[in-house]
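> Got coords_9.txt for you, compact mmCIF, C-alpha atoms:
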```
# COMPACT_ATOMS: atom_id res chain seq x y z
CA MET K 252 23.74 -0.08 -0.39
CA SER K 253 20.73 -1.53 1.43
CA LYS K 254 17.73 0.64 2.15
CA ARG K 255 16.90 1.81 5.65
CA ASP K 256 13.75 0.60 7.35
CA TYR K 257 10.88 2.93 6.39
CA TYR K 258 9.77 3.27 10.01
CA ASP K 259 13.30 4.32 11.01
CA VAL K 260 13.39 6.83 8.15
CA LEU K 261 10.30 8.63 9.47
CA GLY K 262 11.18 8.01 13.12
CA VAL K 263 7.91 6.28 14.01
CA ALA K 264 7.02 3.00 15.69
CA LYS K 265 5.82 0.05 13.63
CA GLY K 266 2.35 0.40 15.13
CA ALA K 267 2.07 4.13 14.32
CA ASP K 268 -1.30 5.24 12.99
CA ALA K 269 -1.93 7.26 9.81
CA ASP K 270 -1.88 10.63 11.59
CA GLU K 271 1.46 9.90 13.26
CA ILE K 272 2.98 8.85 9.93
CA LYS K 273 1.66 11.95 8.17
CA LYS K 274 2.92 14.24 10.94
CA ALA K 275 6.38 12.63 10.89
CA TYR K 276 6.63 12.96 7.10
CA ARG K 277 5.54 16.59 7.21
CA LYS K 278 8.31 17.31 9.70
CA MET K 279 10.92 15.56 7.52
CA ALA K 280 9.67 17.26 4.34
CA ILE K 281 10.02 20.71 5.89
CA LYS K 282 13.46 19.93 7.31
CA TYR K 283 15.00 18.56 4.10
CA HIS K 284 13.00 20.44 1.43
CA PRO K 285 15.27 21.35 -1.55
CA ASP K 286 14.17 24.99 -1.43
CA LYS K 287 15.42 25.21 2.13
CA ASN K 288 18.63 23.27 1.45
CA GLU K 289 19.61 24.49 -1.99
CA GLY K 290 22.60 22.61 -3.39
CA ASP K 291 22.72 20.17 -0.46
CA LYS K 292 22.73 16.72 -2.09
CA GLU K 293 22.54 14.88 1.24
CA ALA K 294 19.40 16.79 2.23
CA GLU K 295 17.89 16.07 -1.18
CA GLU K 296 18.48 12.32 -0.75
CA LYS K 297 16.92 12.35 2.71
CA PHE K 298 13.98 14.29 1.27
CA LYS K 299 13.47 11.60 -1.37
CA GLU K 300 13.98 8.81 1.18
CA ALA K 301 11.28 10.28 3.45
CA ALA K 302 8.90 10.64 0.50
CA GLU K 303 9.46 7.01 -0.48
CA ALA K 304 8.80 5.84 3.08
CA TYR K 305 5.61 7.88 3.31
CA GLU K 306 4.40 6.69 -0.11
CA VAL K 307 4.45 3.09 1.21
CA LEU K 308 3.43 3.50 4.86
CA SER K 309 0.50 5.82 4.08
CA ASN K 310 -1.09 3.19 1.84
CA THR K 311 -2.78 0.36 3.75
CA GLU K 312 -2.15 -2.37 1.14
CA LYS K 313 1.45 -1.34 0.46
CA ARG K 314 2.15 -1.11 4.19
CA GLN K 315 0.79 -4.62 4.78
CA ARG K 316 3.04 -6.04 2.03
CA TYR K 317 6.02 -4.12 3.41
CA ASN K 318 5.38 -5.39 6.96
CA GLN K 319 5.26 -8.95 5.61
CA PHE K 320 8.07 -8.94 3.05
CA GLY K 321 10.12 -5.79 3.75
CA HIS K 322 11.84 -4.12 0.81
CA ALA K 323 11.71 -7.45 -1.06
CA ALA K 324 8.00 -6.83 -1.64
CA ASN K 325 9.05 -4.68 -4.61
CA ALA K 326 9.33 -7.97 -6.48
CA GLN K 327 5.55 -8.18 -6.37
CA SER K 328 5.41 -5.36 -8.88
CA ALA K 329 5.14 -5.97 -12.60
CA ASN K 330 8.06 -4.90 -14.79
CA GLY K 331 9.79 -3.34 -11.79
CA GLY K 332 7.03 -0.84 -11.09
CA GLY K 333 7.32 -1.49 -7.37
CA TYR K 334 5.02 -0.53 -4.57
CA GLY K 335 7.45 1.98 -3.16
CA GLY K 336 8.99 5.19 -4.35
CA GLY K 337 12.21 3.72 -5.65
CA GLY K 338 11.48 5.27 -9.05
CA MET K 339 9.98 8.48 -7.68
CA ASN K 340 11.15 11.78 -9.10
CA MET K 341 10.59 15.27 -7.74
CA ASP K 342 7.30 15.58 -9.63
CA ASP K 343 5.97 12.46 -7.90
CA ILE K 344 7.11 13.71 -4.52
CA PHE K 345 5.65 17.19 -4.82
CA SER K 346 2.34 15.67 -5.94
CA GLN K 347 1.99 14.29 -2.38
CA PHE K 348 1.88 17.74 -0.86
CA GLY K 349 -1.77 18.30 -1.65
CA ASP K 350 -2.58 15.61 0.90
CA ILE K 351 0.07 16.52 3.45
CA PHE K 352 -0.07 20.31 3.40
CA GLY K 353 -3.58 20.92 2.09
CA GLY K 354 -2.55 21.89 -1.44
CA GLY K 355 0.79 22.93 -2.81
CA SER K 356 4.18 22.95 -1.14
CA PRO K 357 4.57 24.31 2.39
CA PHE K 358 7.36 26.47 1.00
CA GLU K 359 5.22 28.52 -1.35
CA GLY K 360 5.81 32.06 -0.21
CA PHE K 361 8.88 31.22 1.88
CA PHE K 362 11.34 29.65 -0.53
CA GLY K 363 9.70 30.28 -3.90
CA GLY K 364 8.88 26.62 -4.46
CA GLY K 365 5.71 25.00 -5.71
CA GLY K 366 4.03 21.63 -5.43
CA GLY K 367 3.81 19.46 -8.52
CA ARG K 368 6.39 21.46 -10.43
CA GLN K 369 9.04 21.26 -13.14
CA SER K 370 12.31 23.12 -13.35
CA GLY K 371 11.62 26.81 -13.29
CA GLY K 372 8.60 26.34 -11.00
CA ARG K 373 6.18 25.41 -13.80
CA ARG K 374 3.37 23.12 -12.86
CA VAL K 375 3.19 19.57 -14.22
CA ALA K 376 -0.08 17.70 -14.65
CA ARG K 377 -0.30 14.05 -13.64
CA GLY K 378 -2.42 11.43 -15.33
CA SER K 379 -4.85 9.34 -13.33
CA ASN K 380 -4.14 5.76 -12.28
CA LEU K 381 -5.83 2.98 -14.21
CA ARG K 382 -7.09 -0.31 -12.73
CA ILE K 383 -7.51 -3.57 -14.64
CA LYS K 384 -8.13 -7.23 -13.76
CA VAL K 385 -5.94 -10.07 -14.97
CA ARG K 386 -7.31 -13.63 -14.75
CA LEU K 387 -4.72 -16.36 -14.23
CA THR K 388 -4.83 -20.16 -14.18
CA LEU K 389 -3.30 -22.10 -11.31
CA GLU K 390 -0.46 -23.19 -13.62
CA GLU K 391 0.30 -19.54 -14.53
CA ILE K 392 0.29 -18.56 -10.87
CA ALA K 393 2.63 -21.41 -9.95
CA ASN K 394 5.17 -20.73 -12.70
CA GLY K 395 4.82 -16.98 -13.29
CA THR K 396 3.76 -15.68 -16.68
CA GLU K 397 3.84 -12.79 -19.12
CA LYS K 398 0.52 -11.36 -20.21
CA LYS K 399 -0.02 -8.96 -23.10
CA ILE K 400 -3.13 -6.92 -22.40
CA LYS K 401 -4.89 -4.40 -24.61
CA VAL K 402 -5.79 -1.44 -22.41
CA ASN K 403 -8.25 1.28 -23.39
CA LYS K 404 -7.01 4.52 -21.85
CA GLN K 405 -5.94 8.12 -22.38
CA ILE K 406 -2.84 8.25 -24.63
CA HIS K 407 -0.76 11.13 -25.95
CA CYS K 408 -2.18 12.75 -29.05
CA LYS K 409 0.08 11.79 -31.96
CA THR K 410 -0.98 14.78 -34.05
CA CYS K 411 0.47 17.33 -31.62
CA ASP K 412 2.85 14.95 -29.82
CA GLY K 413 0.94 15.53 -26.61
CA THR K 414 1.50 19.29 -26.50
CA GLY K 415 -2.10 20.28 -27.22
CA ALA K 416 -0.93 22.94 -29.70
CA LYS K 417 -1.51 23.08 -33.45
CA ASP K 418 2.21 23.71 -34.03
CA LYS K 419 5.26 25.09 -32.23
CA SER K 420 4.38 28.66 -33.11
CA SER K 421 1.12 28.27 -31.20
CA PHE K 422 2.91 28.56 -27.85
CA GLN K 423 3.17 31.97 -26.25
CA THR K 424 5.00 32.78 -23.05
CA CYS K 425 2.53 33.74 -20.35
CA LYS K 426 2.74 37.49 -19.80
CA THR K 427 1.36 37.30 -16.29
CA CYS K 428 4.13 35.11 -14.84
CA GLY K 429 6.80 35.58 -17.52
CA GLY K 430 6.95 31.83 -18.16
CA GLN K 431 7.61 30.90 -14.53
CA GLY K 432 4.21 29.33 -13.87
CA ALA K 433 3.92 31.16 -10.57
CA VAL K 434 3.35 34.75 -9.48
CA ARG K 435 4.93 36.35 -6.46
CA ARG K 436 3.42 39.03 -4.31
CA VAL K 437 5.03 41.18 -1.63
CA THR K 438 2.83 42.23 1.27
CA ASN K 439 3.78 44.76 3.90
CA THR K 440 3.05 43.54 7.43
CA ILE K 441 3.93 44.76 10.91
CA LEU K 442 6.78 42.26 10.82
CA GLY K 443 8.07 43.65 7.55
CA GLN K 444 7.64 42.53 3.97
CA MET K 445 6.38 39.01 3.32
CA GLN K 446 6.68 37.37 -0.06
CA THR K 447 4.08 34.82 -1.18
CA THR K 448 4.04 32.63 -4.27
CA SER K 449 1.00 31.10 -5.93
CA THR K 450 0.11 29.34 -9.17
CA CYS K 451 -0.33 31.70 -12.09
CA PRO K 452 -4.08 32.11 -12.72
CA THR K 453 -3.59 32.85 -16.44
CA CYS K 454 -1.65 29.75 -17.51
CA ASN K 455 -2.54 27.49 -14.55
CA GLY K 456 1.11 27.10 -13.71
CA GLU K 457 2.26 25.88 -17.14
CA GLY K 458 4.29 28.99 -17.98
CA SER K 459 2.80 29.32 -21.44
CA ILE K 460 -0.55 29.57 -23.18
CA ILE K 461 -1.72 28.00 -26.44
CA THR K 462 -2.95 30.46 -29.04
CA SER K 463 -4.03 27.80 -31.54
CA LYS K 464 -5.15 24.39 -30.22
CA CYS K 465 -4.69 20.98 -31.85
CA THR K 466 -7.77 20.11 -33.88
CA VAL K 467 -7.67 16.45 -32.81
CA CYS K 468 -7.33 16.67 -29.01
CA HIS K 469 -8.67 20.25 -28.76
CA GLY K 470 -5.74 21.39 -26.66
CA ASP K 471 -5.78 18.57 -24.09
CA GLY K 472 -2.75 16.74 -25.49
CA VAL K 473 -4.47 13.38 -24.87
CA VAL K 474 -7.04 11.29 -26.73
CA ARG K 475 -8.80 8.00 -26.09
CA GLY K 476 -6.85 5.09 -27.51
CA GLU K 477 -5.61 1.55 -27.02
CA GLU K 478 -2.19 0.32 -25.91
CA THR K 479 -0.88 -3.22 -25.69
CA ILE K 480 1.01 -3.61 -22.41
CA SER K 481 3.24 -6.54 -21.49
CA ILE K 482 2.81 -7.53 -17.84
CA ASN K 483 5.31 -9.81 -16.11
CA VAL K 484 3.46 -11.61 -13.31
CA PRO K 485 5.77 -13.18 -10.69
CA ALA K 486 5.13 -16.74 -9.48
CA GLY K 487 3.09 -17.13 -6.32
CA VAL K 488 0.64 -14.23 -6.62
CA SER K 489 -2.80 -14.77 -5.12
CA GLU K 490 -6.42 -13.71 -5.52
CA GLY K 491 -6.89 -10.02 -4.70
CA MET K 492 -3.19 -9.11 -4.85
CA GLN K 493 -2.38 -5.88 -6.68
CA LEU K 494 0.63 -5.24 -8.91
CA SER K 495 1.70 -1.78 -10.01
CA MET K 496 3.31 -0.59 -13.24
CA SER K 497 4.69 2.93 -12.97
CA GLY K 498 3.80 5.30 -15.82
CA LYS K 499 1.46 2.86 -17.60
CA GLY K 500 -1.78 4.52 -16.53
CA ASN K 501 -3.62 7.36 -18.25
CA ALA K 502 -1.48 9.94 -20.04
CA ALA K 503 -1.44 13.44 -18.54
CA PRO K 504 -2.50 16.60 -20.41
CA ARG K 505 0.19 18.44 -22.37
CA GLY K 506 3.17 16.22 -21.69
CA GLY K 507 2.67 15.70 -17.96
CA VAL K 508 3.55 12.66 -15.86
CA PRO K 509 1.43 9.58 -16.72
CA GLY K 510 -0.39 7.72 -13.96
CA ASP K 511 0.22 4.14 -12.88
CA LEU K 512 -1.42 0.92 -14.00
CA ILE K 513 -2.83 -1.09 -11.08
CA ILE K 514 -3.31 -4.79 -11.88
CA LEU K 515 -5.74 -6.79 -9.73
CA ILE K 516 -5.08 -10.54 -9.73
CA GLU K 517 -8.01 -12.91 -10.18
CA GLU K 518 -7.60 -16.70 -9.99
CA ILE K 519 -9.43 -19.00 -12.39
CA PRO K 520 -10.71 -22.06 -10.45
CA HIS K 521 -8.94 -25.29 -11.43
CA GLU K 522 -11.03 -28.27 -12.52
CA THR K 523 -9.55 -30.74 -10.03
CA LEU K 524 -7.06 -28.90 -7.78
CA LYS K 525 -7.81 -26.47 -4.97
CA ARG K 526 -5.35 -23.92 -3.66
CA ASP K 527 -4.81 -23.44 0.08
CA GLY K 528 -2.13 -20.78 0.50
CA SER K 529 1.03 -22.28 -0.99
CA ASN K 530 -0.37 -25.82 -0.82
CA VAL K 531 -2.53 -27.54 -3.41
CA ILE K 532 -5.28 -29.99 -2.45
CA TYR K 533 -6.54 -32.92 -4.52
CA ASP K 534 -9.50 -35.11 -3.50
CA LEU K 535 -8.77 -38.71 -4.55
CA HIS K 536 -11.64 -41.22 -4.58
CA ILE K 537 -10.71 -44.91 -4.53
CA THR K 538 -12.72 -48.11 -4.05
CA PHE K 539 -12.56 -49.98 -0.76
CA ILE K 540 -10.96 -52.84 -2.69
CA ASP K 541 -8.08 -50.60 -3.83
CA ALA K 542 -7.83 -49.27 -0.28
CA ALA K 543 -7.65 -52.80 1.12
CA LEU K 544 -5.31 -54.35 -1.46
CA GLY K 545 -3.26 -51.27 -2.35
CA THR K 546 -2.68 -49.92 -5.84
CA SER K 547 -0.86 -47.32 -7.96
CA ILE K 548 -2.86 -44.39 -9.30
CA GLU K 549 -2.02 -41.51 -11.65
CA ILE K 550 -3.16 -38.11 -10.38
CA PRO K 551 -2.98 -34.54 -11.75
CA THR K 552 -0.50 -31.99 -10.40
CA ILE K 553 0.39 -28.43 -11.39
CA ASP K 554 3.38 -29.79 -13.32
CA GLY K 555 1.48 -32.59 -15.08
CA LYS K 556 0.63 -36.18 -14.16
CA ALA K 557 2.25 -38.04 -11.25
CA LYS K 558 1.95 -41.66 -10.13
CA ILE K 559 1.39 -42.35 -6.45
CA LYS K 560 1.27 -45.57 -4.42
CA ILE K 561 -1.70 -46.47 -2.23
CA ASP K 562 -0.55 -48.82 0.52
CA PRO K 563 -2.68 -51.85 1.45
CA GLY K 564 -5.07 -51.04 4.29
CA THR K 565 -5.23 -47.31 3.53
CA GLN K 566 -8.05 -45.67 5.50
CA GLY K 567 -10.50 -43.05 4.29
CA GLY K 568 -9.49 -39.58 5.45
CA LYS K 569 -5.76 -40.23 5.18
CA ILE K 570 -3.71 -37.40 3.65
CA LEU K 571 -0.75 -38.11 1.40
CA ARG K 572 1.83 -35.40 0.70
CA LEU K 573 3.85 -34.65 -2.44
CA LYS K 574 6.67 -32.36 -1.35
CA GLY K 575 7.33 -29.29 -3.49
CA LYS K 576 4.34 -29.84 -5.77
CA GLY K 577 2.43 -26.80 -4.57
CA VAL K 578 2.67 -23.07 -5.34
CA PRO K 579 5.84 -20.98 -4.75
CA GLU K 580 5.71 -18.18 -2.19
CA VAL K 581 6.34 -14.69 -3.55
CA ASN K 582 9.92 -13.52 -2.90
CA SER K 583 10.89 -16.92 -1.53
CA TYR K 584 12.54 -20.12 -2.68
CA HIS K 585 9.99 -22.12 -0.68
CA ARG K 586 7.30 -23.99 -2.56
CA GLY K 587 4.25 -25.59 -0.99
CA ASP K 588 3.17 -29.22 -1.21
CA GLN K 589 0.33 -31.11 -2.85
CA LEU K 590 -1.95 -32.73 -0.29
CA ILE K 591 -3.96 -35.76 -1.45
CA HIS K 592 -7.10 -36.43 0.58
CA ILE K 593 -8.10 -40.10 0.38
CA ASN K 594 -11.84 -40.74 0.05
CA ILE K 595 -13.33 -44.24 -0.08
CA TRP K 596 -15.87 -44.51 -2.88
CA THR K 597 -18.87 -46.74 -2.24
CA PRO K 598 -20.90 -48.06 -5.20
CA LYS K 599 -24.60 -47.15 -5.18
CA ALA K 600 -25.79 -50.09 -7.29
CA LEU K 601 -24.68 -53.75 -7.02
CA SER K 602 -25.32 -56.82 -9.12
CA ASN K 603 -26.75 -59.92 -7.44
CA GLU K 604 -23.38 -61.64 -7.58
CA GLU K 605 -21.61 -58.62 -6.06
CA ARG K 606 -24.22 -58.36 -3.30
CA ALA K 607 -23.89 -62.09 -2.48
CA LEU K 608 -20.12 -61.78 -2.25
CA LEU K 609 -20.30 -58.78 0.08
CA GLU K 610 -22.94 -60.41 2.26
CA LYS K 611 -20.72 -63.45 2.67
CA LEU K 612 -17.80 -61.25 3.69
CA GLN K 613 -19.91 -58.95 5.84
CA ASN K 614 -19.20 -60.85 9.06
CA SER K 615 -15.49 -61.14 8.36
CA PRO K 616 -13.49 -59.71 11.30
CA ASN K 617 -11.34 -57.75 8.85
CA PHE K 618 -14.44 -55.84 7.79
CA LYS K 619 -14.79 -54.61 11.36
CA PRO K 620 -12.85 -51.68 12.87
CA ASN K 621 -11.06 -53.94 15.42
CA PRO K 622 -10.73 -57.57 14.21
CA GLY K 623 -9.80 -60.30 16.71
CA LYS K 624 -6.25 -61.60 16.70
CA ASN K 625 -7.16 -65.27 16.15
CA GLU K 626 -9.82 -64.72 13.47
CA LYS K 627 -9.17 -65.33 9.78
CA SER K 628 -7.93 -62.40 7.70
CA PHE K 629 -9.83 -60.78 4.86
CA PHE K 630 -7.45 -62.32 2.32
CA GLU K 631 -7.95 -65.82 3.79
CA ARG K 632 -11.72 -65.43 3.59
CA MET K 633 -11.46 -64.25 -0.03
CA LYS K 634 -9.30 -67.31 -0.86
CA GLU K 635 -11.82 -69.69 0.73
CA TYR K 636 -14.67 -68.09 -1.19
CA PHE K 637 -13.08 -68.45 -4.60
CA GLU K 638 -11.92 -72.00 -3.87
```
Show the structure stored in the file as structure tokens.


Amino acid sequence: MSKRDYYDVLGVAKGADADEIKKAYRKMAIKYHPDKNEGDKEAEEKFKEAAEAYEVLSNTEKRQRYNQFGHAANAQSANGGGYGGGGMNMDDIFSQFGDIFGGGSPFEGFFGGGGGRQSGGRRVARGSNLRIKVRLTLEEIANGTEKKIKVNKQIHCKTCDGTGAKDKSSFQTCKTCGGQGAVRRVTNTILGQMQTTSTCPTCNGEGSIITSKCTVCHGDGVVRGEETISINVPAGVSEGMQLSMSGKGNAAPRGGVPGDLIILIEEIPHETLKRDGSNVIYDLHITFIDAALGTSIEIPTIDGKAKIKIDPGTQGGKILRLKGKGVPEVNSYHRGDQLIHINIWTPKALSNEERALLEKLQNSPNFKPNPGKNEKSFFERMKEYFE
């Protein structure tokens, strides 16, 4: 089943600004929130769909890629991380509410829910995103590549398995909230009793407290470490493009949701080829003799060496084209061309014999931009000289 257009999901125009998008998402989130529609699977799917749309359209870079490529822009992600919320779970969705509703779910106190939660209302920490640069050659960009990168980041503590506790017996159910991670209060008002829910101040929403902390991570559940990550880079990426790997960022305290790994693409300049979008440019310098007589020359391409023909009488500034020898476009079967710019090379130093020969040919009509029809050709003059 194909996905609906994100703008249609939120009910906004394509040119909607950030405030309009946020307002539309807030309206959808309130309407289809699981706490308001308990057991309604259709409402839950619409809730997730709206969250996915907002996650893309609220981010300037992701929105630009979506406007250009549509849902196919997910292929720009590494290892299927995606730019959208296709892999979003409820924890990811509720983590958005701090921005939309000013902290926590709008249903705290009305439906007993809580932003950034687990089952049972317990709060889940989320690790921070991590940004790295990956440098690629033109050949790697053209063909796609797999890079294995060692990343220094926060990882789960192996001693306590990320729990932060010395052992299993070190966990104690929070007495304040009874393990729920949230406390409820009933206030009498002129309209009757109103129930409010807030994060438990004793356990910070985790539902339990640690009586004896891990001696390695000191109760955090994370330590500084190194991880080797395999990154699949699709063909056709460009300088400044960002790829995203879900869950490969910094680990979260005490078994929370890890952040994402953001990969910034950096191109390594090629020795002889220049990239211009999906096309590749090569500056070819030939002598005026080769330009006049014609020749065959071997030139570099992304795929190796290629032999091209220079026709007799080729002029400086002419551009030759090798179809399909450029860079592929992301999410497309189209591949650019290689453009060969012809430049006439002029020697700076001449021998006496070479100078005499050129001076003799200097007045030849074929050495002028517009030779007369009845005058001798360059080749005839050359023949007379050598005879």

> Smallest atom-to-atom distance to K:Lys558: which of K:Leu573, K:Leu515, K:Glu605, K:Lys499, using all atoms listed in the file?

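Closest candidate: K:Leu573.
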
> How many Å separate atom CA of K:Gly262 from atom CA of K:Arg277?

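Result for atom CA of K:Gly262 versus atom CA of K:Arg277: 11.8 Å, one decimal.
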
> Between K:Leu601, K:Gly528, K:Gly567, K:Glu312, which is the closest to K:Arg586 once you count all atoms listed in the file?

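Between K:Leu601, K:Gly528, K:Gly567, K:Glu312, the residue approaching K:Arg586 most closely is K:Gly528.
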
> Using all atoms listed in the file - which residues lie no farther than 12 Å from the point (0.6, 30.8, -24.8) in the file's frame? Write them as a PyMOL selection string.

chain K and resi 414-430+432+453-464+470

> Hey, what's within 8 Å of K:Ala280 if we count all atoms listed in the file and toss same-chain stuff fewer than 3 positions away? As a VMD selection string, please?

chain K and resid 276 to 277 283 to 284 298 301 to 302
